[in-house]
$ cat data27.txt   # compact mmCIF, C-alpha atoms
# COMPACT_ATOMS: atom_id res chain seq x y z
CA MET K 1 84.52 122.97 357.62
CA GLU K 2 83.55 125.71 355.21
CA ARG K 3 85.26 128.96 354.40
CA LEU K 4 83.41 132.00 355.61
CA GLY K 5 82.16 134.38 352.98
CA ARG K 6 82.43 138.06 353.77
CA VAL K 7 83.91 138.52 357.22
CA THR K 8 82.80 141.67 359.01
CA SER K 9 84.69 143.31 361.85
CA ALA K 10 81.86 142.24 364.16
CA THR K 11 82.59 138.64 363.20
CA LEU K 12 86.27 139.18 364.05
CA ASP K 13 85.29 140.64 367.42
CA VAL K 14 83.14 137.60 368.14
CA LEU K 15 85.99 135.27 367.13
CA GLU K 16 88.35 137.13 369.46
CA VAL K 17 85.98 136.59 372.33
CA LEU K 18 85.66 132.90 371.47
CA MET K 19 89.48 132.60 371.39
CA GLY K 20 89.54 133.96 374.93
CA PRO K 21 89.88 131.86 378.07
CA ASP K 22 86.25 132.08 379.13
CA GLU K 23 84.45 128.73 378.89
CA ASP K 24 80.78 129.40 379.48
CA LEU K 25 80.13 131.82 376.66
CA TYR K 26 76.53 132.54 375.73
CA GLY K 27 75.12 135.06 373.27
CA LEU K 28 74.61 137.96 375.65
CA LYS K 29 78.02 137.54 377.27
CA ILE K 30 79.74 137.33 373.89
CA SER K 31 78.04 140.51 372.72
CA GLN K 32 79.10 142.35 375.87
CA ALA K 33 82.70 141.11 375.63
CA ALA K 34 82.85 141.95 371.93
CA GLY K 35 81.31 145.37 372.55
CA ARG K 36 78.67 144.71 369.92
CA LYS K 37 74.89 145.02 369.88
CA THR K 38 73.30 141.84 371.19
CA GLY K 39 71.10 141.50 368.15
CA VAL K 40 74.12 141.41 365.84
CA VAL K 41 75.80 138.53 367.63
CA TYR K 42 73.23 135.74 367.27
CA PRO K 43 73.25 135.73 363.45
CA ILE K 44 77.07 135.75 363.46
CA LEU K 45 77.14 132.77 365.81
CA SER K 46 74.59 130.97 363.67
CA ARG K 47 76.68 131.53 360.56
CA LEU K 48 79.89 130.38 362.27
CA GLU K 49 78.11 127.32 363.59
CA ASP K 50 76.71 126.49 360.18
CA ALA K 51 80.19 126.72 358.67
CA GLY K 52 81.58 124.37 361.33
CA TRP K 53 83.78 126.95 363.07
CA VAL K 54 81.71 127.01 366.22
CA GLU K 55 79.65 124.45 368.10
CA SER K 56 77.01 125.05 370.72
CA SER K 57 75.35 123.05 373.45
CA TRP K 58 72.74 123.59 376.12
CA GLU K 59 73.80 124.60 379.57
CA ARG K 60 73.86 121.54 381.82
CA SER K 61 71.29 122.23 384.43
CA GLU K 62 70.09 120.19 387.36
CA PRO K 63 66.77 118.45 386.76
CA THR K 64 65.36 120.53 389.59
CA ASP K 65 66.34 123.76 387.86
CA ARG K 66 63.50 125.67 386.38
CA GLY K 67 63.53 128.10 383.53
CA PRO K 68 65.24 128.33 380.16
CA ARG K 69 68.77 126.99 379.61
CA ARG K 70 71.52 129.07 378.10
CA ARG K 71 73.21 128.05 374.89
CA PHE K 72 77.00 127.88 375.25
CA TYR K 73 79.27 128.49 372.28
CA ARG K 74 82.85 127.38 371.70
CA LEU K 75 85.21 127.06 368.75
CA THR K 76 85.47 123.61 367.22
CA ALA K 77 88.83 121.80 367.01
CA GLU K 78 89.10 122.99 363.41
CA GLY K 79 87.74 126.41 364.26
CA VAL K 80 90.58 127.33 366.63
CA PRO K 81 93.42 127.37 364.06
CA ALA K 82 91.12 128.82 361.40
CA ALA K 83 90.09 131.68 363.69
CA ARG K 84 93.70 132.30 364.72
CA ASN K 85 94.81 132.51 361.08
CA LEU K 86 91.94 134.77 360.12
CA LEU K 87 92.56 137.13 363.04
CA LEU K 88 96.28 137.24 362.31
CA GLU K 89 95.59 137.98 358.69
CA ARG K 90 92.96 140.65 359.27
CA ARG K 91 93.68 142.18 362.65
CA GLY K 92 97.42 142.56 362.28
CA VAL K 93 96.68 145.62 360.18
CA THR K 94 93.55 146.81 361.91
CA ARG K 95 95.09 146.85 365.34
CA GLN K 96 97.90 149.16 364.26
CA ARG K 97 95.42 151.51 362.71
CA SER K 98 93.14 151.48 365.73
CA LEU K 99 96.03 152.53 367.96
CA SER K 100 96.71 155.63 365.85
CA ASP K 101 92.95 156.35 365.86
CA ARG K 102 93.11 156.70 369.64
CA ARG K 103 90.72 153.79 369.82
CA THR K 104 91.65 151.36 372.54
CA PRO K 105 93.29 148.23 371.23
CA VAL K 106 91.16 145.16 371.16
CA TRP K 107 92.54 143.01 373.95
CA PRO K 108 92.55 145.58 376.77
CA ARG K 109 89.05 146.59 375.75
CA LEU K 110 87.88 143.03 376.06
CA GLY K 111 89.41 142.61 379.50
CA ARG K 112 87.91 145.78 380.79
CA GLN K 113 84.43 145.02 379.58
CA ALA K 114 84.39 141.43 380.66
CA GLU K 115 85.11 142.20 384.31
CA PRO K 116 82.11 144.24 385.40
CA HIS K 117 79.91 141.82 383.55
CA ALA K 118 81.37 138.80 385.33
CA GLY K 119 80.47 140.52 388.60
CA GLY K 120 76.98 141.16 387.32
CA THR K 121 76.19 137.53 386.65
CA HIS K 122 76.61 136.55 390.28
CA GLU K 123 73.84 138.82 391.50
CA MET B 1 48.38 171.71 400.51
CA SER B 2 49.92 171.68 397.05
CA ASP B 3 53.18 170.49 398.66
CA TRP B 4 51.31 167.50 399.99
CA TRP B 5 49.93 166.71 396.56
CA GLY B 6 53.41 167.16 395.11
CA PHE B 7 54.78 164.70 397.63
CA LEU B 8 52.02 162.21 396.86
CA LEU B 9 52.64 162.51 393.16
CA LEU B 10 56.44 162.55 393.06
CA GLY B 11 57.18 160.47 396.11
CA LEU B 12 54.56 157.76 395.82
CA LEU B 13 52.60 157.60 392.62
CA LEU B 14 55.43 158.28 390.19
CA PRO B 15 57.74 155.57 391.58
CA LEU B 16 54.83 153.16 391.66
CA ALA B 17 53.96 153.96 388.07
CA LEU B 18 57.59 153.58 387.00
CA ASN B 19 57.84 150.28 388.82
CA GLU B 20 54.75 149.06 387.06
CA ALA B 21 56.12 150.20 383.72
CA GLY B 22 59.34 148.35 384.54
CA ASP B 23 57.51 145.13 385.34
CA ILE B 24 55.60 145.43 382.12
CA GLY B 25 58.93 145.97 380.36
CA GLY B 26 60.23 142.59 381.54
CA TRP B 27 57.04 140.85 380.56
CA LEU B 28 56.91 142.63 377.23
CA ALA B 29 60.50 141.57 376.52
CA CYS B 30 59.46 137.91 376.90
CA VAL B 31 56.51 138.43 374.58
CA VAL B 32 58.64 140.21 371.98
CA LEU B 33 61.35 137.50 372.00
CA THR B 34 58.85 134.65 371.77
CA TRP B 35 57.16 136.46 368.91
CA GLY B 36 60.50 137.00 367.17
CA ALA B 37 61.54 133.35 367.46
CA LYS B 38 58.35 132.37 365.69
CA ARG B 39 59.23 134.62 362.80
CA LEU B 40 62.50 133.01 361.79
CA GLY B 41 60.77 131.27 358.91
CA ALA B 42 62.12 128.00 360.30
CA PRO B 43 59.69 126.37 362.75
CA GLU B 44 62.28 123.75 363.75
CA ARG B 45 64.47 126.51 365.19
CA THR B 46 61.78 128.42 367.05
CA GLU B 47 62.08 126.36 370.22
CA ARG B 48 65.84 126.63 370.39
CA TYR B 49 65.97 130.39 369.94
CA THR B 50 63.05 131.01 372.29
CA GLU B 51 64.84 129.17 375.08
CA GLU B 52 68.26 130.65 374.30
CA TRP B 53 66.97 134.22 374.19
CA LEU B 54 64.80 133.89 377.28
CA ALA B 55 67.77 132.44 379.21
CA ASP B 56 69.99 135.33 378.09
CA LEU B 57 67.19 137.75 378.95
CA GLU B 58 67.33 136.56 382.56
CA ARG B 59 70.94 137.76 382.72
CA VAL B 60 70.07 141.24 381.50
CA PRO B 61 69.92 143.49 384.55
CA GLY B 62 67.06 145.94 384.98
CA LYS B 63 63.63 145.86 383.48
CA LEU B 64 63.63 148.43 380.73
CA THR B 65 67.07 147.18 379.64
CA LYS B 66 65.39 143.80 379.17
CA LEU B 67 63.02 145.42 376.75
CA MET B 68 65.92 147.03 374.92
CA PHE B 69 67.58 143.62 374.67
CA ALA B 70 64.43 142.11 373.20
CA LEU B 71 64.05 144.93 370.70
CA SER B 72 67.68 144.60 369.67
CA VAL B 73 67.22 140.88 369.02
CA VAL B 74 64.00 141.41 367.09
CA THR B 75 65.33 144.22 364.92
CA TRP B 76 68.80 142.80 364.23
CA SER B 77 68.81 139.04 364.75
CA VAL B 78 65.41 137.98 363.47
CA PRO B 79 65.65 139.42 359.93
CA ARG B 80 69.24 138.21 359.49
CA LEU B 81 68.60 134.73 360.83
CA ARG B 82 65.51 134.55 358.69
CA TRP B 83 67.54 135.43 355.63
CA GLN B 84 70.27 132.92 356.57
CA PHE B 85 67.80 130.08 357.01
CA ALA B 86 66.02 130.91 353.76
CA GLN B 87 69.36 131.00 351.96
CA ARG B 88 70.32 127.63 353.44
CA ARG B 89 67.03 126.09 352.37
CA ARG B 90 67.55 127.42 348.85
CA THR B 91 71.05 125.91 348.72
CA GLU B 92 69.81 122.56 349.99
CA ARG B 93 67.02 122.52 347.44
CA LEU B 94 69.47 123.32 344.65
CA ILE B 95 71.83 120.52 345.71
CA ALA B 96 68.91 118.09 345.86
CA GLU B 97 67.81 119.13 342.37
CA LEU B 98 71.31 118.81 340.98
CA SER B 99 71.83 115.36 342.47
CA THR B 100 68.47 114.23 341.05
CA VAL B 101 69.55 115.44 337.63
CA ALA B 102 72.92 113.69 337.98
CA GLU B 103 71.22 110.49 339.09
CA GLN B 104 68.72 110.60 336.24
CA SER B 105 71.37 111.19 333.64
CA SER B 106 73.41 108.22 334.87
CA TRP B 107 70.32 105.99 334.92
CA ASP B 108 69.78 106.94 331.29
CA GLN B 109 72.85 104.83 330.54
CA ALA B 110 71.27 101.75 332.08
CA ALA B 111 70.90 98.78 329.73
CA CYS B 112 67.17 98.48 330.45
CA ARG B 113 66.62 102.02 329.10
CA SER B 114 67.68 101.16 325.58
CA GLU B 115 65.62 97.99 325.34
CA ASP B 116 61.99 97.18 325.89
CA ALA B 117 61.58 97.64 329.64
CA ASP B 118 58.81 95.02 329.80
CA MET B 119 61.45 92.35 329.28
CA TRP B 120 62.71 92.93 332.83
CA PHE B 121 59.25 92.11 334.14
CA ALA B 122 58.56 89.25 331.77
CA GLU B 123 56.74 86.06 332.76
CA SER B 124 58.61 83.77 330.39
CA ARG B 125 61.86 82.24 331.51
CA ALA B 126 63.55 82.97 328.18
CA ASP B 127 62.79 86.70 328.45
CA GLN B 128 63.96 86.81 332.04
CA VAL B 129 67.28 85.24 331.11
CA MET B 130 67.63 87.60 328.17
CA ALA B 131 67.01 90.60 330.42
CA ALA B 132 69.50 89.35 333.03
CA LYS B 133 72.13 88.89 330.33
CA LEU B 134 71.63 92.47 329.17
CA CYS B 135 72.18 93.49 332.81
CA GLY B 136 75.62 91.91 332.48
CA GLN B 137 76.89 94.80 330.35
CA CYS B 138 75.11 97.49 332.34
CA PRO B 139 77.40 100.00 334.11
CA LEU B 140 74.84 100.34 336.89
CA LYS B 141 74.43 96.63 337.59
CA ALA B 142 75.85 96.57 341.12
CA GLN B 143 74.07 99.76 342.13
CA CYS B 144 70.79 98.45 340.73
CA LEU B 145 71.11 95.12 342.54
CA ALA B 146 71.95 96.77 345.86
CA GLY B 147 68.98 99.13 345.49
CA ALA B 148 66.60 96.29 344.70
CA VAL B 149 67.76 94.31 347.74
CA ALA B 150 67.37 97.38 349.95
CA ARG B 151 63.89 98.15 348.62
CA ARG B 152 62.90 94.46 348.70
CA GLU B 153 61.67 94.61 345.13
CA PRO B 154 58.55 92.45 344.78
CA TRP B 155 59.11 91.39 341.22
CA GLY B 156 61.34 91.64 338.14
CA VAL B 157 64.93 91.37 337.03
CA TRP B 158 67.21 93.83 338.84
CA GLY B 159 70.98 94.01 338.47
CA GLY B 160 71.06 90.61 336.79
CA ALA B 161 69.04 88.88 339.49
CA LEU B 162 65.48 87.60 339.43
CA PHE B 163 63.45 89.00 342.31
CA GLU B 164 60.26 87.65 343.75
CA ARG B 165 58.51 88.99 346.87
CA GLY B 166 61.48 91.04 347.97
CA VAL B 167 64.08 88.30 347.62
CA ALA B 168 66.70 87.73 344.91
CA LEU B 169 65.87 84.17 343.87
CA GLU B 170 68.50 83.62 341.26
CA ILE B 171 71.46 85.48 339.85
CA VAL B 172 71.59 84.78 336.17
CA SER B 173 75.15 84.58 334.93
CA PRO B 174 75.75 86.32 331.61
CA GLU B 175 77.90 83.36 330.43
$ encode --input "data27.txt" --output "structure tokens"
Amino acid sequence: MERLGRVTSATLDVLEVLMGPDEDLYGLKISQAAGRKTGVVYPILSRLEDAGWVESSWERSEPTDRGPRRRFYRLTAEGVPAARNLLLERRGVTRQRSLSDRRTPVWPRLGRQAEPHAGGTHE
Amino acid sequence: MSDWWGFLLLGLLLPLALNEAGDIGGWLACVVLTWGAKRLGAPERTERYTEEWLADLERVPGKLTKLMFALSVVTWSVPRLRWQFAQRRRTERLIAELSTVAEQSSWDQAACRSEDADMWFAESRADQVMAAKLCGQCPLKAQCLAGAVARREPWGVWGGALFERGVALEIVSPE
């Protein structure tokens, strides 16, 4: 597993989502949960995957299913502790500052955004 | 009469036109994403990203939002992924070049480099034995022998062994 180079706050947001309990995470869902532009998320995932932090696999679909398969992302066994350390190191400070900025802290924001989306996927 | 025209325009034609525009939006999103995936500068990844993006597109509600999704991917993801893949290719090429240089420099220490190389492909028994004995002091002897076996060398002395038609016939001991 490689060290990441420059880690942006968008990357940290993506890692926070990946640390979450949700299992079937695909690009669009991750971007919504992270509150980031969709277009920003795919390159981040690609970089994390290349560095061995994240692995991805195709959605298992029935042979009868038509249409494109989603690509699911999850942290690798090595990626989990690495992400936890990185988030602790970087977000410990940021979270305190974001509270004083009147910005909502990260975890409640995630929860709130993930819910309406989860409803949306069952349409 | 103008009310009737207003109704026709606002109540019927405008929604129809918007609906059409929406349908085109969904279709256009597919076209834009497929186009973008072909412009990653990495043909081996085009298929993967086309499928991944089109699958995610299906989960985007609405029709014009689909188009926004596609435009977001094309403006943000495509250039960055393209840069990433190019960077990776450059790194791989550099590593390959470095390992070639390292390999070449170590092969320069081979015993057969300092002597007349023809001796290792000599016809006469005496020359063959002489070459094989020189192999005895070569730091790359084992590596050379393993390589020759793997390549099934057709002819010559490799790693202290005489090869013929891909087989090591005889390992000459350096006494």
$ residues_near_point --input "data27.txt" --point "(84.4, 139.2, 371.5)" --cutoff "6 Å" --atoms "all atoms listed in the file" --output "MDAnalysis selection string"
chainID K and resid 13:14 16:17 30 33:34
$ closest_atom_pairs --input "data27.txt" --of "chain K" --to "chain B" --cutoff "8 Å" --atoms "only C-alpha atoms" --output "CSV"
residue,atom,partner,partner_atom,distance
K:Tyr26,CA,B:Asp56,CA,7.5
K:Gly27,CA,B:Asp56,CA,7.0
K:Leu28,CA,B:Asp56,CA,5.8
K:Lys37,CA,B:Ser72,CA,7.2
K:Thr38,CA,B:Ser72,CA,6.4
K:Gly39,CA,B:Val73,CA,4.0
K:Val40,CA,B:Trp76,CA,5.7
K:Val41,CA,B:Ser77,CA,7.6
K:Tyr42,CA,B:Ser77,CA,6.1
K:Pro43,CA,B:Leu81,CA,5.4
K:Ser46,CA,B:Leu81,CA,7.6
K:Arg47,CA,B:Gln84,CA,7.7
K:Gly67,CA,B:Ala55,CA,7.4
K:Pro68,CA,B:Ala55,CA,4.9
K:Arg69,CA,B:Ala55,CA,5.6
K:Arg70,CA,B:Ala55,CA,5.2
K:Arg71,CA,B:Glu52,CA,5.6
K:Gly120,CA,B:Pro61,CA,7.9
K:Thr121,CA,B:Arg59,CA,6.6
$ atom_distance --input "data27.txt" --atom1 "atom CA of Thr34 of chain B" --atom2 "atom CA of Leu18 of chain B"
24.3 Å
$ closest_residue --input "data27.txt" --among "K:Leu48, K:Val54, K:Leu75, K:Leu87" --to "Leu4 of chain K" --atoms "only C-alpha atoms"
K:Leu48
$ residues_around --input "data27.txt" --residues "segment 136-148 of chain B" --least-positions-apart "5" --cutoff "8 Å" --atoms "all atoms listed in the file" --output "ChimeraX atom specification"
/B:107,109-111,153,158-161,173-174
$ write_last_selection --input "data27.txt" --atoms "C-alpha atoms" --output "PDB file, in the frame of the given file"
ATOM      1  CA  TRP B 107      70.320 105.990 334.920  1.00  0.00           C
ATOM      2  CA  GLN B 109      72.850 104.830 330.540  1.00  0.00           C
ATOM      3  CA  ALA B 110      71.270 101.750 332.080  1.00  0.00           C
ATOM      4  CA  ALA B 111      70.900  98.780 329.730  1.00  0.00           C
ATOM      5  CA  GLU B 153      61.670  94.610 345.130  1.00  0.00           C
ATOM      6  CA  TRP B 158      67.210  93.830 338.840  1.00  0.00           C
ATOM      7  CA  GLY B 159      70.980  94.010 338.470  1.00  0.00           C
ATOM      8  CA  GLY B 160      71.060  90.610 336.790  1.00  0.00           C
ATOM      9  CA  ALA B 161      69.040  88.880 339.490  1.00  0.00           C
ATOM     10  CA  SER B 173      75.150  84.580 334.930  1.00  0.00           C
ATOM     11  CA  PRO B 174      75.750  86.320 331.610  1.00  0.00           C
TER      12      PRO B 174
END
$ atom_distance --input "data27.txt" --atom1 "atom CA of Gln128 of chain B" --atom2 "atom CA of Gly156 of chain B"
8.2 Å
$ atom_distance --input "data27.txt" --atom1 "atom CA of Thr8 of chain K" --atom2 "atom CA of Arg91 of chain K"
11.5 Å
$ closest_residue --input "data27.txt" --among "K:Thr76, K:Arg60, K:Asp24, K:Ile44" --to "Thr11 of chain K" --atoms "all atoms listed in the file"
K:Ile44
$ closest_residue --input "data27.txt" --among "B:Ala122, B:Val129, B:Leu162, B:Leu67" --to "Leu28 of chain B" --atoms "all atoms listed in the file"
B:Leu67
$ decode --input "data27.txt" --residues "segment 50-63 of chain B" --atoms "all heavy atoms" --output "mmCIF file, in the first residue's frame"
data_model
loop_
_atom_site.group_PDB
_atom_site.id
_atom_site.type_symbol
_atom_site.label_atom_id
_atom_site.label_comp_id
_atom_site.auth_asym_id
_atom_site.auth_seq_id
_atom_site.Cartn_x
_atom_site.Cartn_y
_atom_site.Cartn_z
ATOM 1 N N THR B 50 -17.230 3.613 -18.899
ATOM 2 C CA THR B 50 -18.507 3.766 -19.598
ATOM 3 C C THR B 50 -19.600 3.062 -18.809
ATOM 4 O O THR B 50 -20.647 3.646 -18.507
ATOM 5 C CB THR B 50 -18.429 3.149 -21.014
ATOM 6 O OG1 THR B 50 -17.282 3.649 -21.679
ATOM 7 C CG2 THR B 50 -19.661 3.490 -21.831
ATOM 8 N N GLU B 51 -19.335 1.794 -18.443
ATOM 9 C CA GLU B 51 -20.366 1.024 -17.747
ATOM 10 C C GLU B 51 -20.658 1.624 -16.367
ATOM 11 O O GLU B 51 -21.814 1.779 -15.976
ATOM 12 C CB GLU B 51 -19.927 -0.444 -17.610
ATOM 13 C CG GLU B 51 -21.010 -1.301 -16.994
ATOM 14 C CD GLU B 51 -20.762 -2.799 -17.165
ATOM 15 O OE1 GLU B 51 -19.712 -3.192 -17.679
ATOM 16 O OE2 GLU B 51 -21.663 -3.564 -16.767
ATOM 17 N N GLU B 52 -19.603 1.971 -15.644
ATOM 18 C CA GLU B 52 -19.778 2.514 -14.290
ATOM 19 C C GLU B 52 -20.595 3.806 -14.330
ATOM 20 O O GLU B 52 -21.533 3.984 -13.552
ATOM 21 C CB GLU B 52 -18.397 2.776 -13.682
ATOM 22 C CG GLU B 52 -18.478 3.362 -12.282
ATOM 23 C CD GLU B 52 -17.121 3.495 -11.606
ATOM 24 O OE1 GLU B 52 -16.109 3.062 -12.202
ATOM 25 O OE2 GLU B 52 -17.078 4.021 -10.493
ATOM 26 N N TRP B 53 -20.262 4.695 -15.237
ATOM 27 C CA TRP B 53 -20.956 5.982 -15.302
ATOM 28 C C TRP B 53 -22.393 5.826 -15.783
ATOM 29 O O TRP B 53 -23.297 6.485 -15.267
ATOM 30 C CB TRP B 53 -20.181 6.950 -16.200
ATOM 31 C CG TRP B 53 -18.903 7.429 -15.584
ATOM 32 C CD1 TRP B 53 -18.600 7.429 -14.239
ATOM 33 C CD2 TRP B 53 -17.746 7.955 -16.239
ATOM 34 N NE1 TRP B 53 -17.340 7.928 -14.044
ATOM 35 C CE2 TRP B 53 -16.784 8.265 -15.236
ATOM 36 C CE3 TRP B 53 -17.432 8.209 -17.572
ATOM 37 C CZ2 TRP B 53 -15.539 8.808 -15.537
ATOM 38 C CZ3 TRP B 53 -16.187 8.760 -17.869
ATOM 39 C CH2 TRP B 53 -15.253 9.054 -16.858
ATOM 40 N N LEU B 54 -22.603 4.930 -16.753
ATOM 41 C CA LEU B 54 -23.970 4.756 -17.250
ATOM 42 C C LEU B 54 -24.848 4.128 -16.163
ATOM 43 O O LEU B 54 -26.029 4.456 -16.040
ATOM 44 C CB LEU B 54 -23.976 3.901 -18.516
ATOM 45 C CG LEU B 54 -23.404 4.581 -19.771
ATOM 46 C CD1 LEU B 54 -23.465 3.658 -20.970
ATOM 47 C CD2 LEU B 54 -24.122 5.890 -20.077
ATOM 48 N N ALA B 55 -24.259 3.214 -15.360
ATOM 49 C CA ALA B 55 -25.022 2.608 -14.264
ATOM 50 C C ALA B 55 -25.371 3.653 -13.222
ATOM 51 O O ALA B 55 -26.497 3.693 -12.717
ATOM 52 C CB ALA B 55 -24.207 1.476 -13.628
ATOM 53 N N ASP B 56 -24.420 4.536 -12.893
ATOM 54 C CA ASP B 56 -24.692 5.600 -11.922
ATOM 55 C C ASP B 56 -25.725 6.578 -12.490
ATOM 56 O O ASP B 56 -26.569 7.089 -11.768
ATOM 57 C CB ASP B 56 -23.399 6.341 -11.547
ATOM 58 C CG ASP B 56 -22.539 5.531 -10.567
ATOM 59 O OD1 ASP B 56 -22.879 4.356 -10.329
ATOM 60 O OD2 ASP B 56 -21.539 6.061 -10.058
ATOM 61 N N LEU B 57 -25.621 6.812 -13.789
ATOM 62 C CA LEU B 57 -26.563 7.728 -14.453
ATOM 63 C C LEU B 57 -28.004 7.272 -14.267
ATOM 64 O O LEU B 57 -28.909 8.083 -14.090
ATOM 65 C CB LEU B 57 -26.227 7.824 -15.946
ATOM 66 C CG LEU B 57 -27.101 8.742 -16.800
ATOM 67 C CD1 LEU B 57 -26.826 10.200 -16.484
ATOM 68 C CD2 LEU B 57 -26.876 8.484 -18.279
ATOM 69 N N GLU B 58 -28.190 5.938 -14.295
ATOM 70 C CA GLU B 58 -29.554 5.407 -14.120
ATOM 71 C C GLU B 58 -30.142 5.759 -12.762
ATOM 72 O O GLU B 58 -31.346 5.775 -12.593
ATOM 73 C CB GLU B 58 -29.538 3.880 -14.282
ATOM 74 C CG GLU B 58 -29.405 3.440 -15.721
ATOM 75 C CD GLU B 58 -29.508 1.928 -15.871
ATOM 76 O OE1 GLU B 58 -29.631 1.232 -14.836
ATOM 77 O OE2 GLU B 58 -29.453 1.456 -17.013
ATOM 78 N N ARG B 59 -29.272 5.979 -11.785
ATOM 79 C CA ARG B 59 -29.737 6.314 -10.430
ATOM 80 C C ARG B 59 -29.923 7.812 -10.235
ATOM 81 O O ARG B 59 -30.299 8.238 -9.156
ATOM 82 C CB ARG B 59 -28.763 5.777 -9.375
ATOM 83 C CG ARG B 59 -29.050 4.352 -8.965
ATOM 84 C CD ARG B 59 -28.405 3.400 -9.929
ATOM 85 N NE ARG B 59 -28.789 2.011 -9.715
ATOM 86 C CZ ARG B 59 -28.416 1.030 -10.536
ATOM 87 N NH1 ARG B 59 -27.693 1.302 -11.621
ATOM 88 N NH2 ARG B 59 -28.798 -0.198 -10.313
ATOM 89 N N VAL B 60 -29.585 8.602 -11.234
ATOM 90 C CA VAL B 60 -29.805 10.042 -11.117
ATOM 91 C C VAL B 60 -31.257 10.312 -11.472
ATOM 92 O O VAL B 60 -31.707 9.936 -12.556
ATOM 93 C CB VAL B 60 -28.879 10.825 -12.082
ATOM 94 C CG1 VAL B 60 -29.132 12.314 -11.979
ATOM 95 C CG2 VAL B 60 -27.425 10.524 -11.779
ATOM 96 N N PRO B 61 -32.015 10.910 -10.556
ATOM 97 C CA PRO B 61 -33.423 11.163 -10.867
ATOM 98 C C PRO B 61 -33.544 12.321 -11.860
ATOM 99 O O PRO B 61 -32.649 13.154 -11.957
ATOM 100 C CB PRO B 61 -34.011 11.539 -9.501
ATOM 101 C CG PRO B 61 -32.864 12.091 -8.717
ATOM 102 C CD PRO B 61 -31.621 11.430 -9.237
ATOM 103 N N GLY B 62 -34.648 12.356 -12.570
ATOM 104 C CA GLY B 62 -34.898 13.466 -13.484
ATOM 105 C C GLY B 62 -34.119 13.315 -14.773
ATOM 106 O O GLY B 62 -33.293 12.422 -14.900
ATOM 107 N N LYS B 63 -34.430 14.171 -15.712
ATOM 108 C CA LYS B 63 -33.796 14.050 -17.021
ATOM 109 C C LYS B 63 -32.736 15.106 -17.240
ATOM 110 O O LYS B 63 -31.656 14.818 -17.747
ATOM 111 C CB LYS B 63 -34.853 14.129 -18.113
ATOM 112 C CG LYS B 63 -35.685 12.860 -18.162
ATOM 113 C CD LYS B 63 -36.995 13.069 -18.861
ATOM 114 C CE LYS B 63 -37.829 11.802 -18.815
ATOM 115 N NZ LYS B 63 -39.195 12.060 -19.300
#
